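Engineer: What follows is final17.txt; its format and atoms are compact mmCIF, C-alpha atoms and all ligand atoms.
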```
# COMPACT_ATOMS: atom_id res chain seq x y z
CA MET L 1 1.85 -14.27 -28.92
CA GLU L 2 0.68 -12.83 -25.60
CA LYS L 3 -0.76 -9.32 -25.78
CA THR L 4 -1.40 -7.19 -22.73
CA LYS L 5 -4.40 -4.91 -22.61
CA LEU L 6 -4.96 -2.31 -19.93
CA LYS L 7 -8.40 -1.22 -18.81
CA LYS L 8 -8.63 1.88 -16.63
CA ILE L 9 -10.64 1.11 -13.49
CA ILE L 10 -9.84 4.06 -11.18
CA PRO L 11 -9.22 7.43 -12.84
CA LYS L 12 -6.66 9.97 -11.68
CA TRP L 13 -9.25 12.39 -10.26
CA LYS L 14 -10.83 9.72 -8.05
CA ILE L 15 -7.44 8.81 -6.62
CA LYS L 16 -6.76 12.47 -5.92
CA VAL L 17 -10.06 12.93 -4.06
CA LYS L 18 -9.50 9.75 -2.05
CA VAL L 19 -5.91 10.59 -1.11
CA ARG L 20 -7.08 14.01 0.08
CA GLN L 21 -9.75 12.38 2.27
CA LEU L 22 -7.25 9.92 3.71
CA GLY L 23 -4.79 12.74 4.44
CA LYS L 24 -7.52 14.68 6.24
CA ARG L 25 -8.42 11.65 8.37
CA ILE L 26 -4.80 11.07 9.35
CA THR L 27 -4.35 14.78 10.10
CA LYS L 28 -7.35 14.63 12.43
CA ASP L 29 -6.58 11.27 14.06
CA TYR L 30 -2.94 12.10 14.75
CA LYS L 31 -3.33 15.70 15.87
CA ASP L 32 -0.66 16.49 18.50
CA LYS L 33 1.20 13.29 17.61
CA ASN L 34 4.20 12.80 15.38
CA PRO L 35 3.50 9.57 13.48
CA ILE L 36 5.97 7.64 11.34
CA LEU L 37 4.54 6.63 7.99
CA VAL L 38 6.14 3.42 6.83
CA GLY L 39 5.91 2.87 3.09
CA ILE L 40 6.27 -0.65 1.79
CA LEU L 41 8.59 -0.57 -1.19
CA LYS L 42 8.36 -0.39 -3.99
CA GLY L 43 4.68 -0.20 -4.82
CA SER L 44 3.56 2.33 -2.21
CA PHE L 45 6.00 5.14 -3.01
CA VAL L 46 3.66 7.08 -5.33
CA PHE L 47 0.70 6.80 -2.96
CA LEU L 48 2.88 7.75 0.03
CA SER L 49 4.35 10.78 -1.70
CA ASP L 50 0.89 12.13 -2.55
CA LEU L 51 -0.53 11.18 0.84
CA ILE L 52 2.05 13.07 2.91
CA ARG L 53 1.29 16.24 0.98
CA GLU L 54 -2.29 15.98 2.28
CA ILE L 55 -1.17 15.50 5.89
CA LYS L 56 -1.00 18.80 7.70
CA ILE L 57 0.68 17.76 10.95
CA PRO L 58 4.34 16.93 11.68
CA HIS L 59 5.24 13.38 10.73
CA GLU L 60 8.19 11.28 9.60
CA VAL L 61 8.59 8.90 6.69
CA ASP L 62 10.47 5.62 6.54
CA PHE L 63 10.53 2.62 4.23
CA ILE L 64 10.68 -1.11 4.49
CA SER L 65 11.22 -3.47 1.60
CA VAL L 66 10.32 -7.12 1.46
CA VAL L 67 10.28 -9.75 -1.20
CA SER L 68 7.50 -12.27 -1.24
CA TYR L 69 8.34 -15.55 -2.86
CA GLY L 70 6.04 -16.96 -5.48
CA SER L 71 5.31 -16.18 -9.08
CA GLU L 72 5.13 -12.56 -10.26
CA LYS L 73 1.39 -12.49 -9.76
CA LYS L 74 0.97 -14.85 -6.83
CA ALA L 75 2.30 -14.40 -3.31
CA SER L 76 3.37 -17.48 -1.40
CA GLY L 77 3.44 -16.02 2.09
CA VAL L 78 7.16 -16.67 2.45
CA VAL L 79 8.61 -13.23 2.95
CA ARG L 80 12.20 -12.01 3.21
CA LEU L 81 13.23 -8.60 4.51
CA LEU L 82 15.29 -6.69 1.91
CA LYS L 83 15.51 -3.30 3.59
CA ASP L 84 14.68 -2.57 7.19
CA LEU L 85 13.47 0.70 8.70
CA SER L 86 16.08 3.34 9.48
CA SER L 87 14.17 4.55 12.55
CA ASN L 88 13.52 3.07 15.94
CA ILE L 89 9.73 2.77 16.24
CA GLU L 90 9.56 1.86 19.92
CA GLU L 91 6.83 3.96 21.60
CA ARG L 92 6.07 5.68 18.27
CA ASP L 93 2.76 5.96 16.42
CA VAL L 94 3.29 3.98 13.25
CA ILE L 95 1.16 4.01 10.11
CA ILE L 96 1.95 1.34 7.54
CA VAL L 97 1.24 2.61 4.02
CA GLU L 98 0.58 -0.15 1.50
CA ASP L 99 -0.36 -0.07 -2.17
CA ILE L 100 -2.54 -3.17 -2.31
CA VAL L 101 -3.58 -5.93 0.06
CA ASP L 102 -4.25 -9.19 -1.72
CA THR L 103 -3.90 -12.40 0.34
CA GLY L 104 -2.65 -10.23 3.21
CA LEU L 105 0.34 -12.51 3.80
CA THR L 106 2.98 -9.86 3.07
CA LEU L 107 1.32 -7.23 5.22
CA ASN L 108 0.73 -9.73 8.00
CA TYR L 109 4.43 -10.54 8.07
CA ILE L 110 5.37 -6.85 8.21
CA ARG L 111 2.77 -6.07 10.85
CA GLU L 112 3.90 -8.92 13.11
CA ASN L 113 7.51 -7.93 12.61
CA LEU L 114 6.90 -4.26 13.50
CA LEU L 115 4.76 -5.17 16.50
CA THR L 116 7.73 -6.96 18.10
CA ARG L 117 9.44 -3.54 18.20
CA LYS L 118 6.79 -2.25 20.60
CA PRO L 119 5.34 0.76 18.82
CA LYS L 120 2.86 2.87 20.80
CA SER L 121 0.27 2.26 18.08
CA LEU L 122 0.20 0.61 14.68
CA GLU L 123 -2.37 1.29 12.00
CA ILE L 124 -2.57 0.34 8.35
CA VAL L 125 -3.69 2.39 5.38
CA THR L 126 -3.92 0.80 1.95
CA LEU L 127 -4.87 2.40 -1.32
CA LEU L 128 -6.35 -0.78 -2.75
CA ASP L 129 -7.95 -3.85 -1.28
CA LYS L 130 -8.58 -7.15 -3.06
CA ARG L 131 -10.75 -8.57 -0.32
CA GLU L 132 -11.85 -11.71 -2.15
CA LYS L 133 -8.34 -13.08 -2.05
CA ARG L 134 -7.66 -12.55 1.65
CA LYS L 135 -6.05 -15.51 3.46
CA VAL L 136 -5.29 -13.86 6.81
CA LYS L 137 -7.33 -11.42 8.82
CA ILE L 138 -5.57 -8.07 9.27
CA PRO L 139 -6.99 -4.95 10.88
CA ILE L 140 -6.88 -2.27 8.17
CA LYS L 141 -7.86 1.18 9.39
CA HIS L 142 -8.25 2.95 6.05
CA ILE L 143 -8.95 1.51 2.62
CA GLY L 144 -8.95 3.69 -0.48
CA PHE L 145 -10.75 1.44 -2.95
CA GLN L 146 -11.93 -2.12 -3.26
CA VAL L 147 -10.70 -3.70 -6.48
CA PRO L 148 -11.83 -6.87 -8.22
CA ASP L 149 -9.79 -10.03 -8.19
CA SER L 150 -7.61 -9.22 -11.18
CA PHE L 151 -4.07 -7.98 -11.55
CA VAL L 152 -3.87 -4.20 -11.40
CA VAL L 153 -1.11 -1.75 -12.31
CA GLY L 154 -0.41 1.97 -12.21
CA TYR L 155 0.08 4.66 -9.56
CA GLY L 156 3.18 2.84 -8.26
CA LEU L 157 1.99 -0.70 -8.94
CA ASP L 158 3.99 -2.59 -11.51
CA PHE L 159 4.04 -5.61 -13.70
CA GLY L 160 7.64 -6.60 -14.34
CA GLU L 161 8.72 -3.10 -13.21
CA ASN L 162 6.55 -1.44 -15.86
CA TYR L 163 3.46 0.77 -15.54
CA ARG L 164 4.36 2.37 -12.17
CA ASN L 165 4.12 5.78 -13.84
CA LEU L 166 0.48 5.51 -14.91
CA PRO L 167 -1.51 8.23 -13.11
CA TYR L 168 -4.52 5.89 -12.83
CA ILE L 169 -5.18 2.28 -11.80
CA ALA L 170 -5.72 -0.18 -14.62
CA LYS L 171 -6.69 -3.80 -14.78
CA MET L 172 -4.50 -6.09 -16.86
CA ASP L 173 -6.08 -8.50 -19.26
CA GLU L 174 -3.94 -11.04 -20.95
CA ARG L 175 -5.00 -12.16 -24.35
CA LYS L 176 -3.34 -15.07 -26.10
P1 LIG L 201 -0.31 -10.23 -0.58
O1 LIG L 201 0.79 -10.72 0.30
O2 LIG L 201 -1.34 -9.41 0.13
O3 LIG L 201 -0.95 -11.37 -1.36
O4 LIG L 201 0.38 -9.36 -1.71
C1 LIG L 201 0.76 -8.08 -1.47
C2 LIG L 201 1.77 -7.60 -2.47
O5 LIG L 201 1.65 -8.29 -3.73
C3 LIG L 201 1.49 -6.15 -2.78
O6 LIG L 201 2.21 -5.31 -1.92
C4 LIG L 201 1.93 -6.03 -4.21
O7 LIG L 201 3.31 -5.78 -4.24
C5 LIG L 201 1.66 -7.40 -4.80
N1 LIG L 201 0.35 -7.44 -5.48
C6 LIG L 201 -0.77 -8.08 -5.07
N2 LIG L 201 -1.76 -7.90 -5.95
C7 LIG L 201 -1.25 -7.11 -6.93
C8 LIG L 201 -1.81 -6.55 -8.14
O8 LIG L 201 -2.97 -6.74 -8.52
N3 LIG L 201 -0.97 -5.78 -8.87
C9 LIG L 201 0.33 -5.53 -8.53
N4 LIG L 201 1.05 -4.77 -9.33
N5 LIG L 201 0.87 -6.04 -7.41
C10 LIG L 201 0.10 -6.82 -6.62
```
What's the structure tokens form of this structure?

Structural biologist:
Amino acid sequence: MEKTKLKKIIPKWKIKVKVRQLGKRITKDYKDKNPILVGILKGSFVFLSDLIREIKIPHEVDFISVVSYGSEKKASGVVRLLKDLSSNIEERDVIIVEDIVDTGLTLNYIRENLLTRKPKSLEIVTLLDKREKRKVKIPIKHIGFQVPDSFVVGYGLDFGENYRNLPYIAKMDERK
């Protein structure tokens, strides 16, 4: 039988400190602007909700949802839009908020798609980065933490819709 073991790799307090720092940076960089933060569903909703509470300037929030074909743990790069933005982002300052960048294929698709809508600026902030696995080069402005090449869960990230509620990031080990 397959048993799943979780190993905590980023504790709650470290996430809190990092999210505060990221919020401060965004507050500073977007002073006198009114950016739209675009959360990529579902994984980024916990990060986004904490992040906006650390942003002290006016801003808006929107969501986009995509499905990436492939196995549960492996993206294929073939992406389908499930839910589009509600707002028009033309001439707006857009910040994409992602939970984790792995191969980069999903984010690359979203970035290219949003760029066709002619935003004034487009930046990316991700909580986690699995750099080793990158297949496409994407300009990421802010990265919370680098994580090793293993499957991680918690703080919005799931495995089969479970574990999103963990207040920390854990690595999943599968033992047969
Ligand atoms: P990419 O297209 O960069 O390979 O994959 C990005 C998406 O795959 C993320 O938004 C996330 O939904 C999912 N993903 C990639 N790596 C992990 C991981 O380690 N844990 C979880 N829960 N999801 C992941």

Engineer: For atom CA of Val79 of chain L and atom CA of Leu22 of chain L, determine how far apart the two atoms are, in Å to one decimal place.

Structural biologist: 28.1 Å

Engineer: Need the shell around segment 33-50 of chain L: protein/DNA/RNA residues with any atom at most 8 Å away, counting all atoms listed in the file. Skip same-chain ones fewer than 5 positions apart. Format as a list in words?

Structural biologist: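 Returned residues: Val19, Ile57, Pro58, His59, Glu60, Val61, Asp62, Phe63, Ile64, Ser65, Val66, Ile89, Arg92, Asp93, Val94, Ile95, Ile96, Val97, Glu98, Asp99, Leu127, Tyr155, Gly156, Leu157, Asp158 and Arg164 of chain L.
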
Engineer: With ligand LIG 201 (chain L) as the partner and 9 Å as the cut-off, tabulate the residues of chain L that qualify, each row holding the nearest pair of atoms and their distance in Å to one decimal, using all atoms listed in the file, sorted by chain and rising number, as a Markdown table.

Structural biologist:
```
| residue | atom | partner | partner_atom | distance |
| --- | --- | --- | --- | --- |
| L:Ile40 | CA | L:LIG201 | O6 | 7.2 |
| L:Leu41 | CA | L:LIG201 | O6 | 8.0 |
| L:Lys42 | CA | L:LIG201 | O7 | 7.4 |
| L:Gly43 | CA | L:LIG201 | O7 | 5.8 |
| L:Ser44 | CA | L:LIG201 | O6 | 7.8 |
| L:Val66 | CA | L:LIG201 | O6 | 9.0 |
| L:Val67 | CA | L:LIG201 | O7 | 8.6 |
| L:Ser68 | CA | L:LIG201 | O1 | 7.1 |
| L:Glu72 | CA | L:LIG201 | C5 | 8.3 |
| L:Lys73 | CA | L:LIG201 | C10 | 6.6 |
| L:Lys74 | CA | L:LIG201 | O3 | 6.8 |
| L:Ala75 | CA | L:LIG201 | O3 | 4.9 |
| L:Ser76 | CA | L:LIG201 | O1 | 7.4 |
| L:Gly77 | CA | L:LIG201 | O1 | 6.2 |
| L:Val78 | CA | L:LIG201 | O1 | 9.0 |
| L:Val79 | CA | L:LIG201 | O1 | 8.6 |
| L:Glu98 | CA | L:LIG201 | O6 | 6.4 |
| L:Asp99 | CA | L:LIG201 | O6 | 5.8 |
| L:Ile100 | CA | L:LIG201 | C3 | 5.0 |
| L:Val101 | CA | L:LIG201 | O2 | 4.1 |
| L:Asp102 | CA | L:LIG201 | O2 | 3.5 |
| L:Thr103 | CA | L:LIG201 | O3 | 3.6 |
| L:Gly104 | CA | L:LIG201 | O2 | 3.4 |
| L:Leu105 | CA | L:LIG201 | O1 | 4.0 |
| L:Thr106 | CA | L:LIG201 | O1 | 3.6 |
| L:Leu107 | CA | L:LIG201 | O1 | 6.1 |
| L:Asn108 | CA | L:LIG201 | O1 | 7.8 |
| L:Tyr109 | CA | L:LIG201 | O1 | 8.6 |
| L:Leu128 | CA | L:LIG201 | O8 | 9.0 |
| L:Asp129 | CA | L:LIG201 | N2 | 8.7 |
| L:Lys130 | CA | L:LIG201 | N2 | 7.4 |
| L:Lys133 | CA | L:LIG201 | O3 | 7.6 |
| L:Arg134 | CA | L:LIG201 | O2 | 7.2 |
| L:Lys135 | CA | L:LIG201 | O3 | 8.1 |
| L:Val136 | CA | L:LIG201 | O2 | 8.9 |
| L:Val147 | CA | L:LIG201 | O8 | 8.6 |
| L:Pro148 | CA | L:LIG201 | O8 | 8.9 |
| L:Asp149 | CA | L:LIG201 | O8 | 7.6 |
| L:Ser150 | CA | L:LIG201 | O8 | 5.9 |
| L:Phe151 | CA | L:LIG201 | O8 | 3.5 |
| L:Val152 | CA | L:LIG201 | O8 | 3.9 |
| L:Val153 | CA | L:LIG201 | N4 | 4.8 |
| L:Gly154 | CA | L:LIG201 | N4 | 7.5 |
| L:Gly156 | CA | L:LIG201 | N4 | 8.0 |
| L:Leu157 | CA | L:LIG201 | N4 | 4.2 |
| L:Asp158 | CA | L:LIG201 | N4 | 4.3 |
| L:Phe159 | CA | L:LIG201 | N4 | 5.4 |
| L:Gly160 | CA | L:LIG201 | N4 | 8.5 |
| L:Glu161 | CA | L:LIG201 | N4 | 8.8 |
| L:Tyr163 | CA | L:LIG201 | N4 | 8.7 |
| L:Arg164 | CA | L:LIG201 | N4 | 8.4 |
| L:Lys171 | CA | L:LIG201 | O8 | 7.9 |
| L:Met172 | CA | L:LIG201 | O8 | 8.5 |
```

Engineer: Calculate how many Å separate atom CA of Ile138 of chain L from atom CA of Leu115 of chain L, rounding to one decimal.

Structural biologist: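 The value is 12.9 Å.
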
Engineer: Using Å and a single decimal, report how far atom CA of Tyr168 of chain L sits from atom CA of Ile10 of chain L.

Structural biologist: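 If I compute the distance from atom CA of Ile10 of chain L to atom CA of Tyr168 of chain L, I get 5.9 Å.
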
Engineer: Quick one: axis-aligned box around all listed atoms of segment 101-106 of chain L, 8 Å on every side, centre and edge lengths in Å to one decimal, written as JSON.

Structural biologist:
```
{"center_x": -0.6, "center_y": -9.2, "center_z": 1.0, "size_x": 23.2, "size_y": 22.6, "size_z": 21.5}
```

Engineer: Between L:Gln21, L:Glu112, L:Asn165, L:Leu82, single out the one closest to Pro139 of chain L, counting all atoms listed in the file.

Structural biologist: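 Looking only at the distances to Pro139 of chain L, the closest residue turns out to be L:Glu112.
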
Engineer: Which residues come within 8 Å of segment 23-28 of chain L, counting all atoms listed in the file, excluding same-chain residues fewer than 5 positions away, as number ranges by chain?

Structural biologist: L: 51-57
